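To be precise, the following lines are query_25.cif, and they hold mmCIF, C-alpha atoms and all ligand atoms.
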data_my_file
loop_
_atom_site.label_atom_id
_atom_site.label_comp_id
_atom_site.auth_asym_id
_atom_site.auth_seq_id
_atom_site.Cartn_x
_atom_site.Cartn_y
_atom_site.Cartn_z
CA MET B 39 -11.21 22.67 33.41
CA GLY B 40 -8.17 21.10 31.73
CA ASP B 41 -8.15 18.61 28.86
CA GLN B 42 -9.27 15.07 29.58
CA SER B 43 -8.03 11.65 28.54
CA VAL B 44 -9.25 8.18 29.54
CA VAL B 45 -6.72 5.81 31.11
CA SER B 46 -6.90 2.23 32.30
CA LEU B 47 -5.01 1.47 35.49
CA ALA B 48 -3.62 -1.96 36.33
CA ASN B 49 -4.99 -3.67 39.43
CA ASP B 50 -2.46 -4.22 42.22
CA SER B 51 -4.39 -6.84 44.15
CA GLN B 52 -2.25 -9.73 42.88
CA SER B 53 1.17 -8.19 43.39
CA GLY B 54 0.97 -7.58 47.13
CA SER B 55 2.97 -4.41 46.52
CA PRO B 56 1.78 -0.95 47.58
CA VAL B 57 -1.05 0.36 45.45
CA THR B 58 0.40 2.56 42.74
CA ILE B 59 -2.04 5.13 41.44
CA PRO B 60 -0.80 8.00 39.26
CA THR B 61 -2.64 10.62 41.30
CA LEU B 62 -0.61 13.59 40.12
CA ARG B 63 2.40 13.97 37.87
CA TRP B 64 4.41 16.51 35.93
CA GLU B 65 5.08 16.05 32.22
CA GLU B 66 6.84 18.12 29.60
CA PRO B 67 5.35 17.44 26.15
CA PRO B 68 6.56 19.63 23.22
CA GLU B 69 3.63 22.03 23.72
CA GLY B 70 4.86 22.90 27.21
CA PRO B 71 4.79 21.56 30.77
CA VAL B 72 1.57 20.22 32.28
CA VAL B 73 0.31 18.83 35.58
CA ILE B 74 -1.70 15.64 35.03
CA LEU B 75 -4.27 14.52 37.61
CA LEU B 76 -6.36 11.40 37.94
CA ASP B 77 -9.80 13.04 38.12
CA GLN B 78 -11.15 11.85 41.47
CA THR B 79 -14.66 13.13 40.74
CA ARG B 80 -14.97 10.45 38.04
CA LEU B 81 -13.83 7.48 40.11
CA PRO B 82 -14.63 4.66 40.47
CA THR B 83 -16.69 4.36 37.31
CA GLU B 84 -14.20 6.09 35.03
CA GLU B 85 -10.42 6.46 35.15
CA VAL B 86 -9.95 9.80 33.45
CA GLU B 87 -6.89 12.00 33.53
CA LEU B 88 -7.15 15.74 33.64
CA VAL B 89 -4.35 17.61 31.89
CA CYS B 90 -3.82 21.05 33.45
CA THR B 91 -1.93 23.36 31.13
CA ASP B 92 -2.30 26.38 33.37
CA VAL B 93 -2.74 27.37 36.99
CA LEU B 94 -6.39 28.31 36.61
CA ALA B 95 -7.25 24.77 35.49
CA LEU B 96 -5.39 23.42 38.51
CA VAL B 97 -7.18 25.80 40.89
CA ASP B 98 -10.46 24.66 39.36
CA ALA B 99 -9.45 21.01 39.86
CA ILE B 100 -8.65 21.69 43.55
CA ARG B 101 -11.98 23.46 44.14
CA SER B 102 -14.01 20.75 42.41
CA LEU B 103 -12.14 17.97 44.30
CA ALA B 104 -10.72 16.45 41.12
CA VAL B 105 -7.58 16.43 43.28
CA ARG B 106 -8.17 16.28 47.03
CA GLY B 107 -6.82 15.05 50.36
CA ALA B 108 -4.28 16.95 52.42
CA PRO B 109 -0.83 15.66 51.34
CA VAL B 110 -1.57 15.63 47.61
CA LEU B 111 -3.02 19.14 47.88
CA GLY B 112 0.46 20.17 49.03
CA LEU B 113 1.92 18.58 45.91
CA ALA B 114 -0.71 20.24 43.70
CA GLY B 115 0.19 23.60 45.25
CA ALA B 116 3.92 23.11 44.72
CA TYR B 117 3.60 21.83 41.14
CA GLY B 118 1.10 24.63 40.48
CA VAL B 119 3.73 27.22 41.36
CA ALA B 120 6.24 25.39 39.13
CA LEU B 121 3.67 25.36 36.32
CA ALA B 122 3.04 29.09 36.67
CA ALA B 123 6.77 29.79 36.63
CA ALA B 124 7.40 27.57 33.62
CA ARG B 125 4.47 29.03 31.68
CA GLY B 126 5.32 32.68 32.43
CA PHE B 127 2.30 33.26 34.69
CA ASP B 128 2.83 35.73 37.55
CA VAL B 129 4.17 33.48 40.30
CA ALA B 130 3.04 35.59 43.25
CA GLU B 131 -0.51 35.73 41.86
CA ALA B 132 -0.48 31.99 41.13
CA ALA B 133 0.71 31.28 44.67
CA GLN B 134 -2.12 33.37 46.09
CA LEU B 135 -4.75 31.70 43.87
CA LEU B 136 -3.53 28.21 44.66
CA ALA B 137 -3.14 28.70 48.40
CA SER B 138 -6.65 30.09 48.75
CA ALA B 139 -8.38 27.46 46.59
CA ARG B 140 -9.43 25.54 49.74
CA PRO B 141 -8.98 26.82 53.30
CA THR B 142 -8.69 23.87 55.68
CA ALA B 143 -5.92 21.53 54.50
CA VAL B 144 -2.74 23.19 55.71
CA ASN B 145 -0.61 21.21 53.24
CA LEU B 146 -1.90 23.25 50.30
CA GLY B 147 -0.38 26.50 51.56
CA TYR B 148 2.72 24.65 52.74
CA GLY B 149 3.43 23.21 49.27
CA VAL B 150 2.79 26.58 47.63
CA ARG B 151 5.13 28.37 50.07
CA ARG B 152 7.95 25.88 49.56
CA ALA B 153 7.94 26.08 45.77
CA ALA B 154 7.42 29.85 45.77
CA ALA B 155 10.33 30.33 48.21
CA ALA B 156 12.59 28.17 46.01
CA TYR B 157 11.54 30.25 42.99
CA ARG B 158 12.23 33.56 44.73
CA THR B 159 15.60 32.47 46.11
CA ALA B 160 16.75 31.28 42.67
CA LEU B 161 15.50 34.46 41.04
CA VAL B 162 17.35 36.67 43.49
CA GLY B 163 20.51 34.61 43.01
CA SER B 164 20.45 34.37 39.22
CA ALA B 165 17.97 36.97 37.87
CA ASP B 166 17.05 34.18 35.42
CA PRO B 167 13.32 33.26 35.42
CA ARG B 168 13.99 29.95 33.65
CA ARG B 169 16.47 28.90 36.30
CA ALA B 170 13.99 30.03 38.98
CA ALA B 171 11.24 27.96 37.32
CA ARG B 172 13.52 24.91 37.41
CA ALA B 173 14.19 25.56 41.11
CA ALA B 174 10.43 25.64 41.80
CA LEU B 175 10.00 22.34 39.96
CA ALA B 176 12.91 20.76 41.83
CA GLU B 177 11.28 21.80 45.11
CA ALA B 178 7.93 20.30 44.06
CA ARG B 179 9.72 17.06 43.16
CA ALA B 180 11.56 17.07 46.50
CA LEU B 181 8.26 17.50 48.35
CA HIS B 182 6.77 14.67 46.28
CA ALA B 183 9.62 12.33 47.24
CA GLU B 184 9.42 13.37 50.91
CA ASP B 185 5.69 12.71 50.93
CA ALA B 186 6.15 9.23 49.44
CA ALA B 187 8.82 8.43 52.03
CA ALA B 188 6.60 9.79 54.83
CA SER B 189 3.81 7.40 53.74
CA ASP B 190 6.12 4.42 54.10
CA ARG B 191 7.29 5.52 57.53
CA MET B 192 3.74 6.23 58.74
CA ALA B 193 2.69 2.77 57.57
CA GLY B 194 5.53 1.22 59.57
CA HIS B 195 4.90 3.22 62.75
CA GLY B 196 1.14 2.78 62.43
CA LEU B 197 1.33 -0.97 62.02
CA ALA B 198 3.68 -1.27 65.01
CA LEU B 199 1.17 0.75 67.05
CA LEU B 200 -1.75 -1.43 65.93
CA LYS B 201 0.18 -4.49 67.03
CA GLU B 202 0.51 -2.94 70.50
CA LEU B 203 -3.05 -1.64 70.78
CA VAL B 204 -4.81 -4.71 69.36
CA PRO B 205 -2.70 -7.77 70.10
CA GLY B 206 -3.30 -10.92 68.10
CA GLY B 207 -4.02 -9.54 64.63
CA GLY B 208 -7.27 -10.10 62.79
CA TYR B 209 -7.92 -6.36 62.91
CA ARG B 210 -11.30 -4.94 62.07
CA VAL B 211 -10.46 -1.36 61.21
CA LEU B 212 -12.98 1.41 60.57
CA THR B 213 -11.94 4.31 58.35
CA HIS B 214 -13.58 7.49 57.13
CA CYS B 215 -13.16 9.50 53.94
CA ASN B 216 -10.22 8.57 51.69
CA THR B 217 -6.60 8.44 52.80
CA GLY B 218 -4.78 6.13 50.39
CA ALA B 219 -2.56 6.58 47.36
CA LEU B 220 -5.10 9.01 45.89
CA VAL B 221 -4.17 11.60 48.53
CA SER B 222 -0.42 11.24 48.47
CA GLY B 223 2.83 10.91 46.58
CA GLY B 224 3.06 7.45 48.18
CA GLY B 225 0.64 4.99 49.78
CA GLY B 226 -1.21 7.60 51.84
CA THR B 227 -1.84 8.00 55.55
CA ALA B 228 -4.45 5.96 57.48
CA PHE B 229 -5.12 3.70 54.51
CA ALA B 230 -1.38 2.99 54.20
CA VAL B 231 -1.43 1.58 57.75
CA ALA B 232 -4.42 -0.65 56.96
CA HIS B 233 -2.70 -1.72 53.76
CA ALA B 234 0.47 -2.60 55.65
CA ALA B 235 -1.63 -4.75 58.01
CA HIS B 236 -3.29 -6.37 54.99
CA ARG B 237 0.09 -7.21 53.45
CA GLU B 238 1.10 -8.97 56.67
CA GLY B 239 -2.17 -10.92 56.74
CA LEU B 240 -3.28 -9.06 59.88
CA LEU B 241 -6.29 -7.17 58.52
CA ARG B 242 -9.53 -9.09 58.89
CA ARG B 243 -11.81 -6.37 57.53
CA LEU B 244 -11.73 -2.72 56.56
CA TRP B 245 -15.00 -1.02 57.44
CA VAL B 246 -15.42 1.85 54.99
CA ASP B 247 -17.69 4.76 55.95
CA GLU B 248 -19.39 5.98 52.78
CA THR B 249 -18.62 9.59 53.84
CA ARG B 250 -21.63 11.70 52.97
CA PRO B 251 -22.13 13.98 51.20
CA LEU B 252 -19.44 13.50 48.53
CA LEU B 253 -18.89 9.78 49.12
CA GLN B 254 -15.10 9.74 49.27
CA GLY B 255 -15.37 6.44 51.18
CA ALA B 256 -17.79 4.72 48.83
CA ARG B 257 -16.19 6.00 45.64
CA LEU B 258 -12.49 6.23 46.49
CA THR B 259 -11.59 4.13 49.54
CA ALA B 260 -13.67 1.21 48.29
CA TYR B 261 -11.91 1.62 44.92
CA GLU B 262 -8.47 1.53 46.56
CA ALA B 263 -9.39 -1.35 48.87
CA ALA B 264 -10.69 -3.40 45.94
CA ARG B 265 -7.54 -2.70 43.94
CA ALA B 266 -5.43 -3.81 46.90
CA GLY B 267 -7.41 -7.05 47.31
CA MET B 268 -8.54 -6.19 50.86
CA THR B 269 -11.62 -7.60 52.53
CA TYR B 270 -13.76 -4.51 53.00
CA THR B 271 -17.37 -3.62 53.76
CA LEU B 272 -19.06 -0.32 53.00
CA LEU B 273 -21.48 1.22 55.48
CA ALA B 274 -23.64 4.31 55.61
CA ASP B 275 -22.02 6.73 58.06
CA ASN B 276 -24.95 6.48 60.44
CA ALA B 277 -24.48 2.70 60.73
CA ALA B 278 -21.16 3.14 62.53
CA GLY B 279 -22.82 3.32 65.98
CA SER B 280 -24.38 -0.10 65.67
CA LEU B 281 -21.08 -1.49 64.46
CA PHE B 282 -19.33 -0.28 67.64
CA ALA B 283 -22.21 -1.54 69.77
CA ALA B 284 -21.79 -4.97 68.18
CA GLY B 285 -18.11 -4.98 69.19
CA ALA B 286 -17.08 -5.22 65.54
CA VAL B 287 -14.46 -2.44 65.48
CA ASP B 288 -10.96 -2.95 66.90
CA ALA B 289 -9.54 0.43 65.88
CA VAL B 290 -10.44 3.58 63.98
CA LEU B 291 -7.83 4.93 61.56
CA ILE B 292 -8.33 8.33 59.98
CA GLY B 293 -6.23 11.06 58.36
CA ALA B 294 -6.19 14.80 59.02
CA ASP B 295 -6.36 18.06 57.10
CA ARG B 296 -4.90 20.28 59.80
CA ILE B 297 -3.72 19.59 63.34
CA ALA B 298 -3.60 22.63 65.61
CA ALA B 299 -0.90 23.24 68.23
CA ASP B 300 -3.16 21.87 70.98
CA GLY B 301 -3.60 18.60 69.06
CA SER B 302 -7.12 19.31 67.75
CA VAL B 303 -7.65 17.45 64.51
CA ALA B 304 -9.60 18.81 61.54
CA ASN B 305 -10.64 15.97 59.25
CA LYS B 306 -13.56 15.05 57.00
CA VAL B 307 -16.90 15.85 58.60
CA GLY B 308 -18.07 12.76 60.47
CA SER B 309 -14.69 12.09 62.09
CA TYR B 310 -15.64 13.71 65.40
CA PRO B 311 -18.73 11.51 65.93
CA LEU B 312 -16.51 8.46 65.33
CA ALA B 313 -14.09 9.72 67.99
CA VAL B 314 -16.96 10.07 70.47
CA LEU B 315 -18.21 6.59 69.64
CA ALA B 316 -14.71 5.15 69.92
CA ALA B 317 -14.21 6.74 73.36
CA HIS B 318 -17.56 5.43 74.57
CA HIS B 319 -16.74 1.91 73.39
CA ASN B 320 -13.09 2.01 74.51
CA VAL B 321 -11.80 1.54 70.97
CA PRO B 322 -8.49 3.18 69.92
CA PHE B 323 -9.00 6.24 67.73
CA VAL B 324 -5.80 6.78 65.75
CA VAL B 325 -4.98 9.73 63.49
CA VAL B 326 -2.32 9.18 60.82
CA ALA B 327 -0.84 12.29 59.21
CA PRO B 328 2.53 13.59 58.07
CA THR B 329 4.09 16.40 60.10
CA THR B 330 3.34 18.72 57.17
CA THR B 331 -0.28 18.53 58.35
CA VAL B 332 0.63 19.86 61.80
CA ASP B 333 0.15 23.62 62.01
CA LEU B 334 1.72 24.98 65.18
CA SER B 335 0.74 28.52 64.15
CA THR B 336 -2.93 27.64 64.65
CA PRO B 337 -3.31 27.51 68.43
CA ASP B 338 -6.46 25.41 68.80
CA GLY B 339 -9.37 23.72 67.09
CA ALA B 340 -11.62 26.78 67.28
CA SER B 341 -9.05 28.71 65.23
CA ILE B 342 -9.13 26.25 62.32
CA GLU B 343 -11.10 27.58 59.36
CA VAL B 344 -13.60 24.91 58.31
CA GLU B 345 -14.54 24.98 54.64
CA GLN B 346 -18.28 25.38 54.08
CA ARG B 347 -19.41 23.80 50.83
CA PRO B 348 -22.52 24.41 48.71
CA GLY B 349 -25.85 23.13 50.02
CA HIS B 350 -26.68 21.26 46.84
CA GLU B 351 -24.07 18.64 47.78
CA VAL B 352 -26.45 17.69 50.62
CA THR B 353 -29.84 18.28 49.01
CA GLU B 354 -28.79 16.20 46.00
CA LEU B 355 -27.19 12.78 45.81
CA ALA B 356 -24.01 12.28 43.77
CA SER B 357 -23.32 15.96 43.46
CA PRO B 358 -21.49 18.16 42.36
CA ARG B 359 -20.48 15.81 39.55
CA ALA B 360 -22.52 12.67 39.42
CA PRO B 361 -20.10 9.77 39.82
CA VAL B 362 -22.64 7.32 38.42
CA THR B 363 -23.80 9.17 35.36
CA GLU B 364 -21.50 11.35 33.29
CA ALA B 365 -21.78 14.83 34.72
CA GLY B 366 -24.30 17.44 35.69
CA PRO B 367 -26.49 17.89 38.72
CA GLY B 368 -27.11 15.09 41.17
CA ILE B 369 -30.47 13.60 42.05
CA GLN B 370 -32.62 16.01 44.06
CA VAL B 371 -33.64 14.34 47.35
CA ALA B 372 -34.92 17.30 49.39
CA PRO B 373 -37.68 19.76 48.51
CA LEU B 374 -36.40 22.51 46.23
CA GLY B 375 -35.27 25.51 48.28
CA THR B 376 -34.23 23.40 51.31
CA GLN B 377 -31.35 25.00 53.20
CA ALA B 378 -28.44 22.69 54.00
CA TYR B 379 -25.61 22.70 56.56
CA ASN B 380 -22.52 21.44 54.76
CA PRO B 381 -19.19 21.84 56.57
CA ALA B 382 -16.49 19.83 54.79
CA PHE B 383 -14.63 19.06 58.04
CA ASP B 384 -15.14 18.78 61.77
CA ILE B 385 -12.76 19.14 64.70
CA THR B 386 -11.85 16.34 67.07
CA PRO B 387 -10.29 17.48 70.37
CA ALA B 388 -6.95 15.93 71.27
CA ALA B 389 -8.42 14.27 74.35
CA LEU B 390 -10.42 11.94 72.09
CA VAL B 391 -7.37 10.93 70.01
CA THR B 392 -5.61 7.82 71.31
CA ALA B 393 -2.52 8.44 69.19
CA LEU B 394 -1.17 10.49 66.33
CA VAL B 395 1.06 8.59 63.91
CA THR B 396 3.50 10.69 61.88
CA GLU B 397 6.56 9.83 59.81
CA ASN B 398 8.67 10.91 62.80
CA GLY B 399 6.97 8.57 65.25
CA VAL B 400 3.88 8.36 67.44
CA ALA B 401 2.45 10.93 69.86
CA SER B 402 0.32 9.34 72.59
CA PRO B 403 -1.29 11.02 74.39
CA VAL B 404 -1.61 13.90 71.95
CA THR B 405 -0.69 17.10 73.77
CA ALA B 406 0.93 20.38 72.78
CA ALA B 407 4.23 19.01 74.10
CA THR B 408 4.17 15.58 72.39
CA LEU B 409 3.06 17.23 69.16
CA ALA B 410 5.79 19.89 69.20
CA ALA B 411 8.38 17.18 69.84
CA LEU B 412 7.38 15.37 66.63
CA ALA B 413 6.66 18.36 64.43
CA PRO B 414 9.03 21.28 64.84
CA ALA B 415 7.74 24.67 63.66
CA GLU B 416 7.93 25.24 59.90
CA ALA B 417 11.28 26.78 58.99
CA GLY B 418 11.30 30.20 57.30
O1 LIG B 501 -12.64 17.18 51.20
P1 LIG B 501 -11.54 16.19 51.01
O2 LIG B 501 -11.95 15.00 50.25
O3 LIG B 501 -10.28 16.84 50.44
O4 LIG B 501 -11.17 15.73 52.49
C1 LIG B 501 -10.11 14.84 52.68
C2 LIG B 501 -10.03 14.34 54.06
O5 LIG B 501 -10.72 14.77 54.94
C3 LIG B 501 -8.98 13.34 54.36
O6 LIG B 501 -9.38 12.49 55.39
C4 LIG B 501 -7.72 14.09 54.80
O7 LIG B 501 -7.27 14.97 53.79
C5 LIG B 501 -6.65 13.19 55.20
S1 LIG B 501 -5.96 12.36 53.81
C6 LIG B 501 -4.45 12.16 54.25
#

Kindly return the structure encoded in the file as structure tokens.
Ligand code: MRU
Amino acid sequence: MGDQSVVSLANDSQSGSPVTIPTLRWEEPPEGPVVILLDQTRLPTEEVELVCTDVLALVDAIRSLAVRGAPVLGLAGAYGVALAAARGFDVAEAAQLLASARPTAVNLGYGVRRAAAAYRTALVGSADPRRAARAALAEARALHAEDAAASDRMAGHGLALLKELVPGGGYRVLTHCNTGALVSGGGGTAFAVAHAAHREGLLRRLWVDETRPLLQGARLTAYEAARAGMTYTLLADNAAGSLFAAGAVDAVLIGADRIAADGSVANKVGSYPLAVLAAHHNVPFVVVAPTTTVDLSTPDGASIEVEQRPGHEVTELASPRAPVTEAGPGIQVAPLGTQAYNPAFDITPAALVTALVTENGVASPVTAATLAALAPAEAG
């Protein structure tokens, strides 16, 4: 792990402006360049920054979910390549280590490839590793700026869609996992849409699924919603059914880790059951993701590799790092030796998705054709 330092972040709830959270940034102190992350395993109880001086610390941070969520994983990958280049680490090896740190979020490999391609092109052109390192950093910064701009555009398109799907405002929106500023260079994906509705006074309530087993909803989305001054209510994931049955959900907004060419959506495990519930109750199920999350080279949902995580995350509470106490194992809740099924993601078929909101516009229905029109194949 990298070095740690405690920070105190201002609360944005009064300003009405987008939530600004320094999720990931590049700095160049005299000792050499570093990537600094807000350690998401410590939130909400502690705001601690993790200073990664080398690629291995960054890979460790990705695996342990200190940095997590599809778009920001792309940034971590790109800055990781820049860090390797600037620190004289073998760039091809760094790219391989970073890209394979987690398998499902397509953005990770995308960010790595972009920075590594910029590095290689500059090296071929100049034969100067320092110039190539600067090119990799410039590419990471460009991706960062693009991601922030994509958040703003998704928020705009998503809010316009909500206004069509749920006329009259007063939205009660259900969300799963964490999709706000913590996962992005900007305001995020699904959360950014809810936040835009909140800023216009149109959001009545954000229902926040706790998101077992690692509690990204309870720890991170509730943290972001509180900072933004939203009215929100936390629920255990298995309470969602009764919420739909009570007619208390107007729309579901979620993000995505990878969207296959047929429109299948991989997102945090528990998303698919929400899509089934939404279809049964005739509630719009909306996926919000930048086009960098669309992977036209993966033909369908069955071809998406779903990360399987350690069983102790299920057999213990607040594991792998206890968010309530300092660190160490969680609280054992199952008999020792219990086997656990712990996929990090599930796949929602396109037929259950009412609409996909990207920075380039909205696909509805989500089909191979509407998807390809919004997200052209990755260049190069
Ligand atoms: O395992 P995580 O916390 O990285 O999973 C994150 C999610 O599933 C998010 O919903 C997804 O990355 C979309 S965020 C834009």

Measuring between all atoms listed in the file, which one of B:Pro82, B:Gly368, B:Gly107, B:Pro348 shows the shortest distance to Ala263 in chain B?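 Of all the options, B:Pro82 lies closest to Ala263 in chain B.
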
Would you give me, as CSV, each residue of chain B having an atom within 6 Å of an atom of ligand LIG 501 (chain B), along with its shortest atom pair and that distance in Å to one decimal, using all atoms listed in the file and sorting by chain and residue number?
residue,atom,partner,partner_atom,distance
B:Arg106,CA,B:LIG501,O3,4.0
B:Gly107,CA,B:LIG501,O7,3.5
B:Ala108,CA,B:LIG501,O7,3.8
B:Pro109,CA,B:LIG501,C6,5.8
B:Cys215,CA,B:LIG501,O6,5.0
B:Asn216,CA,B:LIG501,O6,5.5
B:Thr217,CA,B:LIG501,S1,4.1
B:Val221,CA,B:LIG501,S1,5.6
B:Thr227,CA,B:LIG501,C6,5.1
B:Gly293,CA,B:LIG501,C5,3.8
B:Ala294,CA,B:LIG501,C5,4.2
B:Asp295,CA,B:LIG501,O7,4.6
B:Asn305,CA,B:LIG501,O5,4.5
B:Lys306,CA,B:LIG501,O5,3.5
B:Ala382,CA,B:LIG501,O1,5.9

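Each of B:Pro60, B:Gly223, B:Pro71, B:Pro414 was checked against Ala187 in chain B using all atoms listed in the file; the smallest atom-to-atom distance is that of B:Gly223.
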
My list of candidates is B:Asp77, B:Asp185, B:Glu238, B:Asp300. Which is closest to Ser222 in chain B when distances are computed with only C-alpha atoms?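 Looking at the shortest contact to Ser222 in chain B, the residue is B:Asp185.
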
Quick one: residues within 9 Å of Gln377 in chain B, only C-alpha atoms, excluding same-chain residues fewer than 2 positions away - as an MDAnalysis selection string? chainID B and resid 349:350 353 374:375 379

Surrounding residues of Leu203 in chain B excluding itself and chain neighbours under 3 positions, 8 Å, all atoms listed in the file, as a PDB file with C-alpha atoms, in the coordinates of the input:
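Below you can see out.pdb, which holds the result:
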ATOM      1  CA  LEU B 199       1.170   0.750  67.050  1.00  0.00           C
ATOM      2  CA  LEU B 200      -1.750  -1.430  65.930  1.00  0.00           C
ATOM      3  CA  PRO B 322      -8.490   3.180  69.920  1.00  0.00           C
TER       4      PRO B 322
END

Find the residue from B:Ala401, B:Val119, B:Ala219, B:Val97 that sits nearest to Leu76 in chain B; use only C-alpha atoms when measuring.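 Residue with the minimum atom-to-atom distance to Leu76 in chain B: B:Ala219.
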
Point out the residue among B:Ala154, B:Leu81, B:Ala356, B:Ala299 with the least atom-to-atom distance to Ala260 in chain B, counting all atoms listed in the file.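 Looking only at the distances to Ala260 in chain B, the closest residue turns out to be B:Leu81.
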
Selection near Gly224 in chain B, 9 Å with only C-alpha atoms, sequence-local residues under 2 positions removed, as an NGL selection string: :B and (56-59 or 182-183 or 185-190 or 218-222 or 226-227 or 230)

Distance CA of Ala406 in chain B-CA of Ile297 in chain B, one decimal place?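 Separation of CA of Ala406 in chain B and CA of Ile297 in chain B: 10.6 Å.
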
Scan for residues within 9 Å of the point (-15.6, 15.8, 45.5) in the coordinates of the file, using all atoms listed in the file, and reply as a PyMOL selection string. chain B and resi 78-79+101-106+251-254+357-359

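Minimum atom-to-atom distances from B:Phe127, B:Tyr148, B:Phe282, B:Tyr270 to Thr329 in chain B were compared using all atoms listed in the file, and the lowest value belongs to B:Tyr148.
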
Measure the distance from CA of Ala123 in chain B to CA of Ala155 in chain B in Å and round it to one decimal.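 For CA of Ala123 in chain B relative to CA of Ala155 in chain B, the distance reads 12.1 Å.
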
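By chain and then residue number, the residues within 7 Å of Gly147 in chain B are Gly112, Gly115, Ala137 and Arg151 of chain B, counting all atoms listed in the file and disregarding those fewer than 4 positions away in sequence.
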
Selected residues written out, C-alpha atoms, as a short mmCIF file (atom, residue, chain, number, x, y, z; two decimals), in the coordinates of the input:
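Contents of out14.cif, as written:
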data_model
loop_
_atom_site.label_atom_id
_atom_site.label_comp_id
_atom_site.auth_asym_id
_atom_site.auth_seq_id
_atom_site.Cartn_x
_atom_site.Cartn_y
_atom_site.Cartn_z
CA GLY B 112 0.46 20.17 49.03
CA GLY B 115 0.19 23.60 45.25
CA ALA B 137 -3.14 28.70 48.40
CA ARG B 151 5.13 28.37 50.07
#

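Atom to atom, CA of Gly163 in chain B and CA of Pro68 in chain B stand 28.5 Å apart.
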
Kindly extract all protein, DNA and RNA residues lying within 10 Å of the coordinates (-1.4, -11.6, 60.8) given in the file, considering all atoms listed in the file, and supply them as an mmCIF file with C-alpha atoms, in the coordinates of the input.
data_model
loop_
_atom_site.group_PDB
_atom_site.id
_atom_site.type_symbol
_atom_site.label_atom_id
_atom_site.label_comp_id
_atom_site.auth_asym_id
_atom_site.auth_seq_id
_atom_site.Cartn_x
_atom_site.Cartn_y
_atom_site.Cartn_z
ATOM 1 C CA LYS B 201 0.180 -4.490 67.030
ATOM 2 C CA GLY B 206 -3.300 -10.920 68.100
ATOM 3 C CA GLY B 207 -4.020 -9.540 64.630
ATOM 4 C CA GLY B 208 -7.270 -10.100 62.790
ATOM 5 C CA TYR B 209 -7.920 -6.360 62.910
ATOM 6 C CA ALA B 235 -1.630 -4.750 58.010
ATOM 7 C CA HIS B 236 -3.290 -6.370 54.990
ATOM 8 C CA ARG B 237 0.090 -7.210 53.450
ATOM 9 C CA GLU B 238 1.100 -8.970 56.670
ATOM 10 C CA GLY B 239 -2.170 -10.920 56.740
ATOM 11 C CA LEU B 240 -3.280 -9.060 59.880
ATOM 12 C CA LEU B 241 -6.290 -7.170 58.520
ATOM 13 C CA ARG B 242 -9.530 -9.090 58.890
#
